[in-house]
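For reference, protein.csv is printed below; it contains CSV, C-alpha atoms.
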```csv
chain,number,residue,atom,x,y,z
A,6,MET,CA,19.5,-7.1,-34.2
A,7,GLN,CA,22.7,-9.0,-34.2
A,8,GLY,CA,25.8,-8.4,-32.1
A,9,ASN,CA,28.0,-6.1,-34.1
A,10,VAL,CA,25.2,-3.5,-34.7
A,11,SER,CA,24.4,-2.1,-31.3
A,12,LYS,CA,24.3,1.7,-31.9
A,13,SER,CA,21.2,3.7,-32.2
A,14,VAL,CA,19.0,2.6,-35.1
A,15,TYR,CA,16.1,4.8,-36.3
A,16,VAL,CA,13.4,3.1,-38.4
A,17,ILE,CA,11.6,5.7,-40.5
A,18,CYS,CA,8.1,4.8,-41.4
A,19,PRO,CA,6.4,7.1,-43.9
A,20,ALA,CA,2.6,6.7,-43.7
A,21,PHE,CA,-0.2,8.2,-45.7
A,22,ASN,CA,-3.7,6.8,-45.0
A,23,GLU,CA,-2.3,3.5,-43.7
A,24,ALA,CA,-4.7,3.1,-40.7
A,25,ARG,CA,-5.6,-0.4,-41.9
A,26,THR,CA,-2.0,-1.7,-41.7
A,27,ILE,CA,0.1,0.5,-39.6
A,28,ALA,CA,-0.7,-1.1,-36.2
A,29,GLY,CA,0.5,-4.5,-37.5
A,30,VAL,CA,3.6,-3.0,-39.0
A,31,LEU,CA,4.5,-1.1,-35.8
A,32,ALA,CA,3.8,-4.1,-33.7
A,33,GLY,CA,6.2,-6.1,-35.8
A,34,LEU,CA,8.9,-3.5,-35.3
A,35,ALA,CA,8.4,-3.1,-31.6
A,36,GLY,CA,10.6,-4.7,-29.1
A,37,GLN,CA,13.7,-4.9,-31.3
A,38,GLY,CA,15.5,-1.9,-29.7
A,39,TYR,CA,14.9,0.4,-32.6
A,40,GLU,CA,13.8,4.0,-32.4
A,41,ILE,CA,10.6,4.0,-34.5
A,42,VAL,CA,9.7,7.2,-36.2
A,43,VAL,CA,6.3,7.4,-38.0
A,44,VAL,CA,6.0,10.3,-40.4
A,45,ASP,CA,2.3,10.8,-40.9
A,46,ASP,CA,2.1,12.6,-44.3
A,47,GLY,CA,-1.2,14.4,-43.8
A,48,SER,CA,-3.4,11.3,-43.4
A,49,SER,CA,-7.1,11.7,-43.2
A,50,ASP,CA,-8.0,8.2,-42.0
A,51,GLY,CA,-6.7,8.2,-38.4
A,52,THR,CA,-3.3,6.9,-39.2
A,53,ARG,CA,-1.7,9.4,-36.7
A,54,ARG,CA,-4.1,8.4,-34.0
A,55,VAL,CA,-3.3,4.7,-34.4
A,56,ALA,CA,0.4,5.4,-34.5
A,57,GLU,CA,0.2,7.5,-31.4
A,58,THR,CA,-1.2,4.5,-29.5
A,59,MET,CA,1.9,2.5,-30.3
A,60,ALA,CA,5.4,3.0,-28.9
A,61,THR,CA,6.6,5.5,-31.5
A,62,THR,CA,7.6,9.0,-32.2
A,63,VAL,CA,5.0,10.5,-34.6
A,64,ILE,CA,5.8,13.5,-36.8
A,65,SER,CA,2.8,14.8,-38.6
A,66,HIS,CA,2.9,16.8,-41.8
A,67,PRO,CA,0.0,19.3,-41.7
A,68,VAL,CA,-0.7,18.6,-45.3
A,69,ASN,CA,0.1,15.7,-47.7
A,70,LEU,CA,3.5,16.3,-49.2
A,71,GLY,CA,4.5,12.9,-50.6
A,72,GLN,CA,6.5,9.9,-49.6
A,73,GLY,CA,9.8,11.5,-50.5
A,74,ALA,CA,9.1,14.5,-48.3
A,75,ALA,CA,8.1,12.2,-45.4
A,76,LEU,CA,11.3,10.2,-45.7
A,77,LYS,CA,13.4,13.4,-45.6
A,78,THR,CA,11.5,14.7,-42.6
A,79,GLY,CA,12.2,11.4,-40.8
A,80,ILE,CA,15.8,11.2,-41.9
A,81,ASP,CA,16.5,14.8,-40.8
A,82,TYR,CA,14.8,14.1,-37.4
A,83,ALA,CA,16.9,10.9,-36.9
A,84,LEU,CA,20.1,12.7,-37.8
A,85,SER,CA,19.2,15.5,-35.4
A,86,ARG,CA,18.8,12.9,-32.6
A,87,GLY,CA,22.2,11.4,-33.3
A,88,ALA,CA,21.1,8.3,-35.2
A,89,GLU,CA,24.0,6.0,-36.2
A,90,PHE,CA,21.9,3.9,-38.5
A,91,ILE,CA,18.7,4.9,-40.4
A,92,VAL,CA,16.3,2.4,-41.9
A,93,THR,CA,13.4,3.3,-44.2
A,94,PHE,CA,10.4,1.0,-43.9
A,95,ASP,CA,7.1,1.2,-45.7
A,96,THR,CA,3.9,1.0,-43.7
A,97,ASP,CA,1.7,-0.9,-46.1
A,98,GLY,CA,2.8,-4.3,-44.7
A,99,GLN,CA,5.0,-5.4,-47.6
A,100,HIS,CA,8.3,-5.4,-45.7
A,101,ARG,CA,9.4,-7.9,-43.0
A,102,PRO,CA,11.0,-6.6,-39.8
A,103,SER,CA,13.2,-9.6,-39.8
A,104,ASP,CA,15.0,-8.2,-42.9
A,105,ILE,CA,16.3,-5.2,-41.0
A,106,PRO,CA,19.1,-6.9,-39.1
A,107,ARG,CA,20.4,-8.3,-42.4
A,108,LEU,CA,20.6,-4.8,-43.8
A,109,LEU,CA,22.4,-3.5,-40.7
A,110,ASP,CA,24.8,-6.4,-40.6
A,111,ALA,CA,25.6,-5.8,-44.3
A,112,LEU,CA,26.4,-2.2,-43.6
A,113,VAL,CA,28.9,-3.2,-40.9
A,114,ARG,CA,30.3,-6.3,-42.6
A,115,GLU,CA,30.8,-4.7,-46.0
A,116,ARG,CA,31.8,-1.3,-44.6
A,117,ALA,CA,29.1,0.2,-46.7
A,118,ASP,CA,27.1,3.4,-46.1
A,119,PHE,CA,24.0,2.2,-48.0
A,120,ALA,CA,22.3,-1.2,-47.8
A,121,LEU,CA,19.5,-1.5,-50.4
A,122,GLY,CA,16.9,-4.2,-50.1
A,123,SER,CA,16.3,-6.3,-53.3
A,124,ARG,CA,13.3,-8.5,-53.8
A,125,PHE,CA,15.0,-10.1,-56.8
A,126,LEU,CA,17.9,-11.4,-54.7
A,127,GLY,CA,15.5,-12.7,-52.1
A,128,GLY,CA,12.0,-13.9,-52.4
A,129,ALA,CA,9.2,-11.8,-53.6
A,130,GLN,CA,5.8,-13.3,-53.0
A,131,ARG,CA,3.7,-13.3,-56.1
A,132,THR,CA,5.4,-10.5,-58.0
A,133,PRO,CA,2.9,-9.6,-60.7
A,134,VAL,CA,4.2,-9.8,-64.3
A,135,LEU,CA,3.6,-6.1,-65.2
A,136,ARG,CA,5.2,-4.9,-62.0
A,137,ARG,CA,8.2,-7.2,-62.6
A,138,LEU,CA,8.6,-5.6,-66.1
A,139,LEU,CA,8.3,-2.1,-64.8
A,140,LEU,CA,10.9,-2.8,-62.1
A,141,ARG,CA,13.2,-4.2,-64.7
A,142,ALA,CA,12.8,-1.1,-66.9
A,143,ALA,CA,13.5,1.0,-63.8
A,144,THR,CA,16.7,-1.0,-63.2
A,145,LEU,CA,17.9,-0.3,-66.7
A,146,PHE,CA,17.0,3.4,-66.4
A,147,THR,CA,19.0,3.6,-63.1
A,148,ALA,CA,22.0,1.8,-64.7
A,149,VAL,CA,22.0,4.3,-67.6
A,150,THR,CA,21.4,7.5,-65.6
A,151,THR,CA,23.5,6.7,-62.5
A,152,GLY,CA,25.8,3.9,-63.3
A,153,LEU,CA,24.6,1.9,-60.3
A,154,ARG,CA,24.3,-1.8,-61.0
A,155,LEU,CA,21.3,-2.9,-59.0
A,156,THR,CA,18.7,-5.7,-59.3
A,157,ASP,CA,15.9,-3.7,-57.6
A,158,THR,CA,15.7,0.1,-57.7
A,159,HIS,CA,12.3,0.8,-56.1
A,160,ASN,CA,12.5,-1.1,-52.9
A,161,GLY,CA,11.4,1.0,-49.9
A,162,LEU,CA,13.4,-1.1,-47.4
A,163,ARG,CA,16.9,0.5,-47.1
A,164,ALA,CA,19.5,1.2,-44.4
A,165,PHE,CA,21.9,4.0,-44.2
A,166,THR,CA,24.8,4.8,-42.0
A,167,ARG,CA,24.8,8.3,-40.5
A,168,ARG,CA,27.4,9.4,-43.0
A,169,GLY,CA,25.4,8.0,-45.8
A,170,ALA,CA,22.1,9.6,-44.8
A,171,ALA,CA,23.8,13.0,-44.3
A,172,ALA,CA,25.2,12.8,-47.8
A,173,LEU,CA,21.8,12.5,-49.4
A,174,ARG,CA,20.4,15.8,-50.8
A,175,LEU,CA,16.8,14.9,-51.2
A,176,ARG,CA,14.4,17.3,-53.0
A,177,GLN,CA,11.9,15.1,-54.7
A,178,ASP,CA,8.7,15.0,-52.6
A,179,ARG,CA,6.8,12.4,-54.4
A,180,MET,CA,7.5,9.1,-56.1
A,181,ALA,CA,10.6,10.3,-58.0
A,182,HIS,CA,12.4,10.2,-54.6
A,183,ALA,CA,13.4,6.6,-55.1
A,184,SER,CA,15.3,7.4,-58.3
A,185,GLU,CA,16.7,10.5,-56.6
A,186,ILE,CA,18.1,8.5,-53.6
A,187,LEU,CA,19.9,6.3,-56.1
A,188,ALA,CA,21.3,9.2,-58.0
A,189,GLU,CA,22.5,10.7,-54.7
A,190,ILE,CA,24.1,7.5,-53.7
A,191,ALA,CA,26.0,7.5,-57.0
A,192,ARG,CA,26.9,11.1,-56.6
A,193,SER,CA,28.2,10.5,-53.0
A,194,ARG,CA,30.6,7.8,-54.3
A,195,LEU,CA,30.1,6.1,-51.0
A,196,ARG,CA,29.9,2.3,-50.8
A,197,TYR,CA,26.6,0.6,-51.3
A,198,VAL,CA,25.5,-3.0,-51.1
A,199,GLU,CA,22.3,-4.9,-52.1
A,200,VAL,CA,20.8,-7.3,-49.6
A,201,PRO,CA,18.1,-9.9,-50.3
A,202,VAL,CA,14.8,-9.0,-48.7
A,203,THR,CA,11.3,-10.4,-49.0
A,204,ILE,CA,8.3,-8.5,-50.3
A,205,ASP,CA,4.9,-9.7,-49.2
A,206,TYR,CA,2.5,-8.5,-51.9
A,207,THR,CA,-1.1,-8.1,-50.9
A,208,GLU,CA,-4.0,-6.7,-52.8
A,209,TYR,CA,-3.7,-3.7,-50.4
A,210,SER,CA,0.0,-3.1,-51.0
A,211,LEU,CA,-0.4,-3.5,-54.8
A,212,ALA,CA,-3.2,-1.0,-54.8
A,213,LYS,CA,-1.1,1.5,-52.9
A,214,GLY,CA,2.0,0.9,-55.0
A,215,GLN,CA,3.0,2.7,-58.2
A,216,ARG,CA,1.3,2.2,-61.5
A,217,ALA,CA,2.7,2.3,-65.0
A,218,GLY,CA,1.5,5.9,-65.5
A,219,ASP,CA,3.4,7.0,-62.4
A,220,PHE,CA,6.7,6.4,-64.2
A,221,VAL,CA,5.8,9.1,-66.7
A,222,MET,CA,5.4,11.6,-63.9
A,223,ILE,CA,8.6,10.4,-62.3
A,224,LEU,CA,10.5,11.0,-65.5
A,225,LEU,CA,8.9,14.5,-65.8
A,226,ASP,CA,9.8,15.3,-62.2
A,227,LEU,CA,13.4,14.2,-62.7
A,228,PHE,CA,13.6,16.2,-65.9
A,229,ALA,CA,12.2,19.3,-64.3
A,230,HIS,CA,14.6,18.9,-61.4
A,231,LYS,CA,17.5,19.2,-63.8
A,232,LEU,CA,16.2,22.3,-65.5
A,233,ARG,CA,15.8,24.5,-62.5
A,234,ARG,CA,18.8,25.5,-60.5
B,27,MET,CA,2.4,50.5,-88.6
B,28,ILE,CA,0.2,50.8,-85.5
B,29,ALA,CA,0.1,47.0,-85.2
B,30,GLN,CA,3.8,46.7,-85.7
B,31,ALA,CA,4.5,49.3,-82.9
B,32,LEU,CA,2.1,47.6,-80.6
B,33,LEU,CA,3.5,44.1,-81.2
B,34,SER,CA,7.0,45.5,-80.8
B,35,VAL,CA,6.2,46.8,-77.4
B,36,LEU,CA,4.7,43.4,-76.4
B,37,LEU,CA,7.6,41.5,-77.7
B,38,GLY,CA,10.0,43.9,-76.0
B,39,GLY,CA,8.2,43.0,-72.7
B,40,VAL,CA,8.7,39.3,-73.5
B,41,LEU,CA,12.5,40.0,-73.9
B,42,VAL,CA,12.7,41.8,-70.6
B,43,TYR,CA,10.8,38.9,-68.9
B,44,ALA,CA,13.1,36.4,-70.7
B,45,TRP,CA,16.2,38.2,-69.4
B,46,ALA,CA,14.9,38.1,-65.9
B,47,GLU,CA,14.0,34.5,-66.2
B,48,TYR,CA,17.3,33.5,-67.6
B,49,ARG,CA,19.0,33.6,-64.1
B,50,ARG,CA,16.5,31.1,-62.7
B,51,SER,CA,16.1,28.8,-65.7
B,52,PRO,CA,18.7,29.3,-68.4
B,53,LEU,CA,17.0,27.0,-70.9
B,54,VAL,CA,13.6,28.6,-70.6
B,55,GLY,CA,15.2,32.1,-70.6
B,56,ALA,CA,17.2,31.3,-73.8
B,57,LEU,CA,14.1,29.9,-75.6
B,58,SER,CA,12.0,32.9,-74.6
B,59,ILE,CA,14.8,35.3,-75.9
B,60,MET,CA,14.9,33.4,-79.2
B,61,ALA,CA,11.2,33.5,-79.5
B,62,GLY,CA,11.0,37.3,-78.7
B,63,LEU,CA,13.8,38.2,-81.2
B,64,ALA,CA,12.2,36.0,-83.9
B,65,GLY,CA,8.9,37.7,-83.3
B,66,LEU,CA,10.4,41.2,-83.5
B,67,TYR,CA,12.2,40.3,-86.7
B,68,PHE,CA,9.1,39.0,-88.4
B,69,VAL,CA,6.9,41.9,-87.2
B,70,TRP,CA,9.2,44.3,-89.1
B,71,MET,CA,10.1,41.9,-92.0
B,72,PRO,CA,6.8,40.1,-92.6
B,73,SER,CA,7.8,39.0,-96.1
B,74,HIS,CA,10.8,37.2,-94.7
B,75,SER,CA,8.5,34.9,-92.7
B,76,THR,CA,7.3,33.4,-96.0
B,77,LEU,CA,10.8,33.0,-97.2
B,78,VAL,CA,11.9,31.3,-94.1
B,79,ALA,CA,8.8,29.1,-94.1
B,80,GLU,CA,9.4,28.0,-97.7
B,81,PHE,CA,13.1,27.3,-96.8
B,82,VAL,CA,12.1,25.0,-94.0
B,83,GLY,CA,9.3,23.4,-96.0
B,84,ILE,CA,6.2,24.8,-94.3
B,85,GLY,CA,4.7,26.8,-97.1
B,86,ARG,CA,3.2,29.9,-95.7
B,87,GLY,CA,4.6,32.5,-93.3
B,88,VAL,CA,1.4,32.4,-91.3
B,89,ASP,CA,1.8,28.7,-90.7
B,90,LEU,CA,5.4,29.2,-89.6
B,91,ILE,CA,4.3,31.8,-87.0
B,92,LEU,CA,1.5,29.5,-85.9
B,93,TYR,CA,3.9,26.7,-85.3
B,94,LEU,CA,6.3,29.0,-83.5
B,95,TRP,CA,3.4,30.1,-81.3
B,96,VAL,CA,2.7,26.5,-80.3
B,97,CYS,CA,6.4,26.1,-79.3
B,98,ILE,CA,6.3,29.3,-77.3
B,99,SER,CA,3.1,28.1,-75.5
B,100,LEU,CA,4.8,24.8,-74.6
B,101,THR,CA,7.8,26.7,-73.3
B,102,VAL,CA,5.6,28.9,-71.1
B,103,MET,CA,3.8,25.7,-69.8
B,104,LEU,CA,7.2,24.2,-68.9
B,105,ASN,CA,8.2,27.3,-67.1
B,106,LEU,CA,5.0,27.3,-65.1
B,107,HIS,CA,5.6,23.7,-64.2
B,108,LEU,CA,9.0,24.6,-62.9
B,109,LYS,CA,7.7,27.5,-60.9
B,110,LEU,CA,5.0,25.3,-59.4
B,111,ARG,CA,7.8,22.9,-58.4
B,112,ALA,CA,9.8,25.7,-56.8
B,113,GLN,CA,6.7,26.7,-54.8
B,114,GLN,CA,6.1,23.1,-53.7
B,115,GLU,CA,9.6,23.0,-52.4
B,116,THR,CA,8.9,26.1,-50.3
B,117,ILE,CA,5.7,24.6,-49.0
B,118,THR,CA,7.5,21.4,-48.1
B,119,LYS,CA,10.1,23.3,-46.1
B,120,LEU,CA,7.4,25.2,-44.3
B,121,ALA,CA,5.3,22.1,-43.5
B,122,ARG,CA,8.4,20.2,-42.3
B,123,SER,CA,9.3,23.1,-40.0
B,124,ILE,CA,5.8,23.1,-38.6
B,125,ALA,CA,5.8,19.3,-38.1
B,126,THR,CA,9.2,19.3,-36.3
B,127,ALA,CA,8.3,22.3,-34.3
B,128,ASN,CA,5.1,20.7,-33.1
B,129,LEU,CA,7.0,17.6,-32.2
B,130,ALA,CA,9.5,19.6,-30.2
B,131,ALA,CA,6.7,21.4,-28.4
B,132,ALA,CA,5.0,18.2,-27.6
B,133,GLN,CA,8.2,16.6,-26.3
B,134,GLU,CA,9.1,19.7,-24.2
B,135,ALA,CA,5.7,20.1,-22.7
B,136,PRO,CA,5.6,19.0,-19.0
B,137,ALA,CA,3.7,15.8,-18.4
B,138,VAL,CA,0.3,16.6,-16.8
B,139,THR,CA,-0.1,14.5,-13.7
B,140,ALA,CA,-3.4,13.9,-11.8
B,141,GLU,CA,-2.6,16.6,-9.3
B,142,GLU,CA,-1.8,19.1,-12.0
B,143,ALA,CA,-4.8,18.2,-14.1
B,144,PRO,CA,-6.9,21.3,-13.4
B,145,GLN,CA,-4.1,23.5,-14.8
B,146,PRO,CA,-4.5,24.1,-18.5
B,147,ALA,CA,-1.9,22.5,-20.7
B,148,PRO,CA,0.3,24.8,-22.8
B,149,PRO,CA,-1.5,25.6,-26.1
B,150,ALA,CA,1.4,24.4,-28.2
B,151,ALA,CA,1.1,20.9,-26.6
B,152,ALA,CA,-2.7,20.9,-26.8
B,153,ASP,CA,-2.8,21.8,-30.4
B,154,ALA,CA,0.2,19.9,-31.5
B,155,HIS,CA,-0.2,17.6,-34.5
B,156,THR,CA,2.6,15.6,-33.2
B,157,SER,CA,3.3,13.6,-30.1
B,158,ARG,CA,5.8,11.3,-28.6
B,159,ARG,CA,4.6,8.3,-26.6
B,160,MET,CA,7.0,6.2,-24.6
B,161,ARG,CA,5.9,2.7,-24.1
B,162,GLY,CA,7.6,-0.6,-24.1
B,163,GLN,CA,11.1,-0.9,-25.4
B,164,SER,CA,11.1,1.4,-28.4
B,165,ALA,CA,10.4,5.0,-28.6
```
What's the structure tokens form of this structure?
Amino acid sequence: MQGNVSKSVYVICPAFNEARTIAGVLAGLAGQGYEIVVVDDGSSDGTRRVAETMATTVISHPVNLGQGAALKTGIDYALSRGAEFIVTFDTDGQHRPSDIPRLLDALVRERADFALGSRFLGGAQRTPVLRRLLLRAATLFTAVTTGLRLTDTHNGLRAFTRRGAAALRLRQDRMAHASEILAEIARSRLRYVEVPVTIDYTEYSLAKGQRAGDFVMILLDLFAHKLRR
Amino acid sequence: MIAQALLSVLLGGVLVYAWAEYRRSPLVGALSIMAGLAGLYFVWMPSHSTLVAEFVGIGRGVDLILYLWVCISLTVMLNLHLKLRAQQETITKLARSIATANLAAAQEAPAVTAEEAPQPAPPAAADAHTSRRMRGQSA
């Protein structure tokens, strides 16, 4: 972490059945001065046990709720502990801890409340063609529905100020949370900035990631959300 | 006449349900009210269903009712989906409360030293699904 960001930084790591990768991810985050919070989302493969052996706070959902719910649990916890900055960081190994200081510096330098990682501004390792097309479609969808001009709308690496995180009203438990976060950023009218980050695609992270069919469910979830008060 | 009376009672029930539902989901409530009123109308004016069907280019009144029934079924499915979502939100809040309460219990539980080992740990700490381990520089 660089000089001008010295306040408490909470890194929220949502995890569902990530026993294979979480130890490496947490080891990469350790020793940076961050408060690391793993939200185990009802894993059945020993993810919680592995996380507990590391230097982390582990919050365990008794049942699987979804990544959106895990993020909200972690964000609420961090806010309750007085976090000044909150970072969301996936535990499938696709993010690089070295990108976090750049997100935090961008928040301070740009006086922004949201710093969103973008693989298309930085370097994505071996971005598959279908995934690239889906992400482009999601970018267009976000521009139309929220007015946000972004290059990457489904990147799990983000940083918020305390004010930004408190402004987010998150209700989407599952994959639609990424779109919901952007819609909430637009609604808050707070300043946001995109920061180049690198995504390390592996067979494992691609298998855990979203598929084309998931976007149908995301659209259905977003539609249903609008119907019910 | 018996069938008309029976169907009227059933459709009256649909209207009451739709009115109650309107407060939670205006769209679903409005669609259900429209469906109920249309049903009542055609029950008492069956010949008009054929007139309406011919007007919209369907042909037979029976077919019109069939298509309307499909629309009503889809509306009901949508409403069920919305109710399931609302239930899921409640479950999420409950699960989150349990998770954070367990964490708080684990954090507040006194550390068990070697001398204190024979004493049983508080049940909340022993059963907690959460824990906080302090080691190294981050916590």
Could the residues of chain A within 8 Å of chain B, counting only C-alpha atoms, be given as an mmCIF file with C-alpha atoms, in the frame of the given file, please?
```cif
data_model
loop_
_atom_site.group_PDB
_atom_site.id
_atom_site.type_symbol
_atom_site.label_atom_id
_atom_site.label_comp_id
_atom_site.auth_asym_id
_atom_site.auth_seq_id
_atom_site.Cartn_x
_atom_site.Cartn_y
_atom_site.Cartn_z
ATOM 1 C CA ALA A 35 8.400 -3.100 -31.600
ATOM 2 C CA GLY A 36 10.600 -4.700 -29.100
ATOM 3 C CA GLN A 37 13.700 -4.900 -31.300
ATOM 4 C CA GLY A 38 15.500 -1.900 -29.700
ATOM 5 C CA TYR A 39 14.900 0.400 -32.600
ATOM 6 C CA GLU A 40 13.800 4.000 -32.400
ATOM 7 C CA ILE A 41 10.600 4.000 -34.500
ATOM 8 C CA VAL A 42 9.700 7.200 -36.200
ATOM 9 C CA GLU A 57 0.200 7.500 -31.400
ATOM 10 C CA THR A 58 -1.200 4.500 -29.500
ATOM 11 C CA MET A 59 1.900 2.500 -30.300
ATOM 12 C CA ALA A 60 5.400 3.000 -28.900
ATOM 13 C CA THR A 61 6.600 5.500 -31.500
ATOM 14 C CA THR A 62 7.600 9.000 -32.200
ATOM 15 C CA VAL A 63 5.000 10.500 -34.600
ATOM 16 C CA ILE A 64 5.800 13.500 -36.800
ATOM 17 C CA SER A 65 2.800 14.800 -38.600
ATOM 18 C CA HIS A 66 2.900 16.800 -41.800
ATOM 19 C CA PRO A 67 0.000 19.300 -41.700
ATOM 20 C CA VAL A 68 -0.700 18.600 -45.300
ATOM 21 C CA LEU A 70 3.500 16.300 -49.200
ATOM 22 C CA ALA A 74 9.100 14.500 -48.300
ATOM 23 C CA THR A 78 11.500 14.700 -42.600
ATOM 24 C CA TYR A 82 14.800 14.100 -37.400
ATOM 25 C CA ARG A 176 14.400 17.300 -53.000
ATOM 26 C CA ASP A 178 8.700 15.000 -52.600
ATOM 27 C CA ALA A 229 12.200 19.300 -64.300
ATOM 28 C CA LEU A 232 16.200 22.300 -65.500
ATOM 29 C CA ARG A 233 15.800 24.500 -62.500
ATOM 30 C CA ARG A 234 18.800 25.500 -60.500
#
```
Length of the atom CA of A:Asn160 to atom CA of A:Ile204 vector [Å]: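 Separation between atom CA of A:Asn160 and atom CA of A:Ile204: 8.9 Å.
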Considering all atoms listed in the file, can you say which of A:Leu31, A:Leu195, A:Leu175, A:Ala188 comes closest to A:Arg101? A:Leu31
Which residue is closest to B:Leu94? Choose from B:Ala64, B:Val82, B:Ile28, B:Val40 and count only C-alpha atoms. B:Ala64
Using all atoms listed in the file, can you list as a PyMOL selection string the residues within 12 Å of (20.3, 14.3, -50.5)? chain A and resi 73-74+76-78+80-81+168-178+182-193
At a cut-off of 8 Å, using all atoms listed in the file, what residues contact A:Leu121? Leave out same-chain residues fewer than 2 positions from it and give the result as a ChimeraX atom specification. /A:108,119,123,160,162-164,197-200
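Picture a line from atom CA of A:Asp118 to atom CA of A:Thr166; it runs 4.9 Å.
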For atom CA of A:Ser210 and atom CA of A:Thr52, determine how far apart the two atoms are, in Å to one decimal place.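 Separation between atom CA of A:Ser210 and atom CA of A:Thr52: 15.8 Å.
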Using all atoms listed in the file, which residues sit within 9 Å of A:Arg167 once same-chain residues fewer than 6 positions away are excluded, as a PyMOL selection string? chain A and resi 84+87-91+118
Can you pull out the residues contacting B:Arg86? Cut-off 6 Å, using only C-alpha atoms, and skip same-chain residues under 3 positions away; I want them as an MDAnalysis selection string. chainID B and resid 76 79 89
Using the partial input, fill out stretch 85-102 of chain A with N, CA and C atoms; write the result as an mmCIF file, keeping the file's coordinate frame.
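Everything below was put into out-v6.cif:
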```cif
data_model
loop_
_atom_site.group_PDB
_atom_site.id
_atom_site.type_symbol
_atom_site.label_atom_id
_atom_site.label_comp_id
_atom_site.auth_asym_id
_atom_site.auth_seq_id
_atom_site.Cartn_x
_atom_site.Cartn_y
_atom_site.Cartn_z
ATOM 1 N N SER A 85 19.197 14.522 -36.436
ATOM 2 C CA SER A 85 19.200 15.500 -35.400
ATOM 3 C C SER A 85 19.265 14.852 -33.980
ATOM 4 N N ARG A 86 18.776 13.603 -33.916
ATOM 5 C CA ARG A 86 18.800 12.900 -32.600
ATOM 6 C C ARG A 86 20.007 12.007 -32.460
ATOM 7 N N GLY A 87 20.936 12.101 -33.391
ATOM 8 C CA GLY A 87 22.200 11.400 -33.300
ATOM 9 C C GLY A 87 22.125 9.925 -33.727
ATOM 10 N N ALA A 88 21.240 9.627 -34.655
ATOM 11 C CA ALA A 88 21.100 8.300 -35.200
ATOM 12 C C ALA A 88 22.442 7.809 -35.793
ATOM 13 N N GLU A 89 22.817 6.571 -35.536
ATOM 14 C CA GLU A 89 24.000 6.000 -36.200
ATOM 15 C C GLU A 89 23.613 5.233 -37.433
ATOM 16 N N PHE A 90 22.428 4.637 -37.382
ATOM 17 C CA PHE A 90 21.900 3.900 -38.500
ATOM 18 C C PHE A 90 20.455 4.330 -38.765
ATOM 19 N N ILE A 91 20.082 4.468 -40.023
ATOM 20 C CA ILE A 91 18.700 4.900 -40.400
ATOM 21 C C ILE A 91 18.148 3.850 -41.356
ATOM 22 N N VAL A 92 16.960 3.355 -41.047
ATOM 23 C CA VAL A 92 16.300 2.400 -41.900
ATOM 24 C C VAL A 92 14.997 3.006 -42.430
ATOM 25 N N THR A 93 14.699 2.836 -43.706
ATOM 26 C CA THR A 93 13.400 3.300 -44.200
ATOM 27 C C THR A 93 12.519 2.045 -44.414
ATOM 28 N N PHE A 94 11.276 2.145 -43.970
ATOM 29 C CA PHE A 94 10.400 1.000 -43.900
ATOM 30 C C PHE A 94 8.984 1.370 -44.235
ATOM 31 N N ASP A 95 8.434 0.819 -45.306
ATOM 32 C CA ASP A 95 7.100 1.200 -45.700
ATOM 33 C C ASP A 95 6.046 0.655 -44.709
ATOM 34 N N THR A 96 4.898 1.332 -44.670
ATOM 35 C CA THR A 96 3.900 1.000 -43.700
ATOM 36 C C THR A 96 2.675 0.261 -44.290
ATOM 37 N N ASP A 97 2.811 -0.196 -45.539
ATOM 38 C CA ASP A 97 1.700 -0.900 -46.100
ATOM 39 C C ASP A 97 1.773 -2.412 -45.912
ATOM 40 N N GLY A 98 2.748 -2.837 -45.126
ATOM 41 C CA GLY A 98 2.800 -4.300 -44.700
ATOM 42 C C GLY A 98 3.602 -5.122 -45.699
ATOM 43 N N GLN A 99 4.300 -4.532 -46.671
ATOM 44 C CA GLN A 99 5.000 -5.400 -47.600
ATOM 45 C C GLN A 99 6.403 -5.777 -47.179
ATOM 46 N N HIS A 100 6.930 -5.090 -46.159
ATOM 47 C CA HIS A 100 8.300 -5.400 -45.700
ATOM 48 C C HIS A 100 8.212 -6.315 -44.436
ATOM 49 N N ARG A 101 9.300 -7.033 -44.212
ATOM 50 C CA ARG A 101 9.400 -7.900 -43.000
ATOM 51 C C ARG A 101 10.429 -7.312 -42.064
ATOM 52 N N PRO A 102 10.043 -7.077 -40.818
ATOM 53 C CA PRO A 102 11.000 -6.600 -39.800
ATOM 54 C C PRO A 102 12.227 -7.445 -39.692
#
```
